[in-house]
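Written below as structure tokens is the structure these notes are about.
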Amino acid sequence: MKKHFRYYLAAWVILVAAFNAIVFCLPSEINGYKKILGATVSGYAMIMLSFAGQLICAWIALHRGGAQRLFLRLPLLTISYTALIVSILAGTACMAIPNLPNWFGAVVCVAILAFTAVAVIKASAAAEIVEETGADIERRTSFIRAMTAKAESLTAKARTDAARAACRQVYEALRYSDPVSAVALTDEERRIAEAFDAFSTAIAAGEDGTEPAETLSGLLAERNAKCKAMK
């Protein structure tokens, strides 16, 4: 994502430079109206602050992380782009309307920027909550998923039909087990891990693995029953 941010930064610099060139290249007085009077300063400040805020939002979304992080922060980018457009329109109006009081322009600018800041904070917080929830789910489901993958790979090591049948039995038991772990299941999952190691050792040694497969299947059934009771 860093490369994408560099592209964005280049476009951002061009837009900011173009905006400043237009503002400062305009004549100081047009039809008797001096551009430094009224709410010109407020409008210009709001637009520049909006450009800066949009750059910060883009950096947060694009500087690090993968596609999933970018997806979660799309609302952040949308809000920042919308705020930039609104700020440009409002700031241009403040700069273009003759004799508009500077205090009025300042109030409008502060209101827009404050609303944008609150929206950006909410969007960032929501993205963080979703990320933390996803990481927690990933951690809590890693035990069963990892063991299911190991059980599937054991089938290739089975040397007899009985061993292959035992591997399929264990694989199916794991495949249809509740994937979410919990602290209350620590003891059950420790015994399941020990039983799985015993089953793997038996398969690797050329045994049929029927007995350890039955033991492991029974432990998984106990765990699943406890999972169901906890919900």
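Residues in the structure tokens are numbered from 1 in each chain, the chains being A, B, ... in the order shown, and ligands are numbered from 1 in the order shown.
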Close residues, Leu15 of chain A itself excluded, 12 Å, only C-alpha atoms, min 4 positions apart in chain, as a ChimeraX atom specification: /A:8-11,19-22,47-48,51-52,55,84,88
Could you write out the selected residues, including N, CA and C atoms, as a compact mmCIF listing (two decimals), in the first residue's frame?
```
# COMPACT_ATOMS: atom_id res chain seq x y z
N TYR A 8 -0.83 8.68 -4.57
CA TYR A 8 -1.80 9.64 -4.06
C TYR A 8 -1.11 10.94 -3.64
N LEU A 9 0.03 10.83 -2.98
CA LEU A 9 0.75 12.02 -2.51
C LEU A 9 1.14 12.91 -3.69
N ALA A 10 1.57 12.30 -4.79
CA ALA A 10 1.93 13.08 -5.97
C ALA A 10 0.73 13.85 -6.50
N ALA A 11 -0.43 13.18 -6.57
CA ALA A 11 -1.65 13.85 -7.04
C ALA A 11 -2.07 14.95 -6.07
N PHE A 19 -4.25 24.79 -6.69
CA PHE A 19 -5.16 25.66 -5.94
C PHE A 19 -4.46 26.94 -5.50
N ASN A 20 -3.25 26.81 -4.95
CA ASN A 20 -2.53 28.00 -4.51
C ASN A 20 -2.14 28.89 -5.68
N ALA A 21 -1.80 28.29 -6.81
CA ALA A 21 -1.45 29.09 -7.99
C ALA A 21 -2.64 29.90 -8.46
N ILE A 22 -3.83 29.29 -8.44
CA ILE A 22 -5.03 30.01 -8.86
C ILE A 22 -5.33 31.17 -7.91
N ILE A 47 -9.92 25.58 3.29
CA ILE A 47 -9.58 24.69 2.17
C ILE A 47 -8.22 24.03 2.41
N MET A 48 -7.25 24.78 2.88
CA MET A 48 -5.92 24.21 3.12
C MET A 48 -5.95 23.20 4.26
N PHE A 51 -7.42 20.05 2.87
CA PHE A 51 -6.43 19.31 2.10
C PHE A 51 -5.50 18.53 3.03
N ALA A 52 -5.06 19.20 4.11
CA ALA A 52 -4.16 18.54 5.06
C ALA A 52 -4.86 17.36 5.74
N LEU A 55 -5.14 14.41 3.43
CA LEU A 55 -3.86 13.73 3.30
C LEU A 55 -3.61 12.81 4.50
N LEU A 84 -13.62 17.44 1.88
CA LEU A 84 -12.77 18.29 1.04
C LEU A 84 -13.60 19.02 -0.01
N ILE A 88 -14.09 23.02 -0.16
CA ILE A 88 -13.70 23.80 -1.34
C ILE A 88 -14.85 24.68 -1.79
```
Neighbour list for Tyr176 of chain A as a list in words, cut-off 10 Å, only C-alpha atoms, skip fewer than 4 positions in-chain: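 Counting only C-alpha atoms, the residues come to Ile144, Thr148, Tyr171, Glu172, Leu220 and Asn224 of chain A.
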Just the selected residues (all heavy atoms), exported as an mmCIF file, in the first residue's frame, please.
```
data_model
loop_
_atom_site.group_PDB
_atom_site.id
_atom_site.type_symbol
_atom_site.label_atom_id
_atom_site.label_comp_id
_atom_site.auth_asym_id
_atom_site.auth_seq_id
_atom_site.Cartn_x
_atom_site.Cartn_y
_atom_site.Cartn_z
ATOM 1 N N ILE A 144 -8.981 -25.237 16.182
ATOM 2 C CA ILE A 144 -9.694 -26.253 15.400
ATOM 3 C C ILE A 144 -9.270 -26.209 13.938
ATOM 4 O O ILE A 144 -9.086 -27.261 13.296
ATOM 5 C CB ILE A 144 -11.224 -26.052 15.528
ATOM 6 C CG1 ILE A 144 -11.680 -26.393 16.948
ATOM 7 C CG2 ILE A 144 -11.960 -26.929 14.521
ATOM 8 C CD1 ILE A 144 -11.474 -27.849 17.347
ATOM 9 N N THR A 148 -7.627 -29.312 12.001
ATOM 10 C CA THR A 148 -8.336 -29.873 10.843
ATOM 11 C C THR A 148 -7.394 -30.022 9.653
ATOM 12 O O THR A 148 -7.414 -31.037 8.941
ATOM 13 C CB THR A 148 -9.524 -28.974 10.469
ATOM 14 O OG1 THR A 148 -10.400 -28.848 11.584
ATOM 15 C CG2 THR A 148 -10.290 -29.561 9.295
ATOM 16 N N TYR A 171 -10.846 -36.452 10.698
ATOM 17 C CA TYR A 171 -10.991 -35.242 9.894
ATOM 18 C C TYR A 171 -12.440 -34.750 9.903
ATOM 19 O O TYR A 171 -12.700 -33.548 10.073
ATOM 20 C CB TYR A 171 -10.539 -35.509 8.461
ATOM 21 C CG TYR A 171 -10.852 -34.371 7.520
ATOM 22 C CD1 TYR A 171 -10.146 -33.164 7.571
ATOM 23 C CD2 TYR A 171 -11.876 -34.496 6.574
ATOM 24 C CE1 TYR A 171 -10.453 -32.120 6.711
ATOM 25 C CE2 TYR A 171 -12.180 -33.458 5.704
ATOM 26 C CZ TYR A 171 -11.468 -32.280 5.778
ATOM 27 O OH TYR A 171 -11.781 -31.244 4.935
ATOM 28 N N GLU A 172 -13.386 -35.665 9.727
ATOM 29 C CA GLU A 172 -14.790 -35.274 9.724
ATOM 30 C C GLU A 172 -15.216 -34.754 11.091
ATOM 31 O O GLU A 172 -16.003 -33.798 11.192
ATOM 32 C CB GLU A 172 -15.664 -36.464 9.320
ATOM 33 C CG GLU A 172 -15.483 -36.898 7.865
ATOM 34 C CD GLU A 172 -15.898 -35.803 6.895
ATOM 35 O OE1 GLU A 172 -16.851 -35.066 7.198
ATOM 36 O OE2 GLU A 172 -15.271 -35.700 5.819
ATOM 37 N N LEU A 220 -13.672 -34.782 21.162
ATOM 38 C CA LEU A 220 -14.250 -33.707 20.351
ATOM 39 C C LEU A 220 -15.757 -33.595 20.576
ATOM 40 O O LEU A 220 -16.311 -32.484 20.622
ATOM 41 C CB LEU A 220 -13.964 -33.963 18.869
ATOM 42 C CG LEU A 220 -12.523 -33.707 18.416
ATOM 43 C CD1 LEU A 220 -12.298 -34.258 17.007
ATOM 44 C CD2 LEU A 220 -12.211 -32.209 18.450
ATOM 45 N N ASN A 224 -17.673 -30.284 21.893
ATOM 46 C CA ASN A 224 -18.772 -29.672 21.156
ATOM 47 C C ASN A 224 -20.024 -29.561 22.004
ATOM 48 O O ASN A 224 -20.792 -28.600 21.894
ATOM 49 C CB ASN A 224 -19.056 -30.465 19.882
ATOM 50 C CG ASN A 224 -17.910 -30.377 18.888
ATOM 51 O OD1 ASN A 224 -17.164 -29.410 18.883
ATOM 52 N ND2 ASN A 224 -17.770 -31.381 18.049
#
```
Residues near Gly218 of chain A, cut-off 12 Å, only C-alpha atoms, skip fewer than 6 positions along chain, as a ChimeraX atom specification: /A:169-170,173-174,177,188,191-192,195-196,211-212,224-225
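Our summary of the geometry notes that atom CA of Leu216 of chain A is positioned 19.0 Å from atom CA of Ala182 of chain A.
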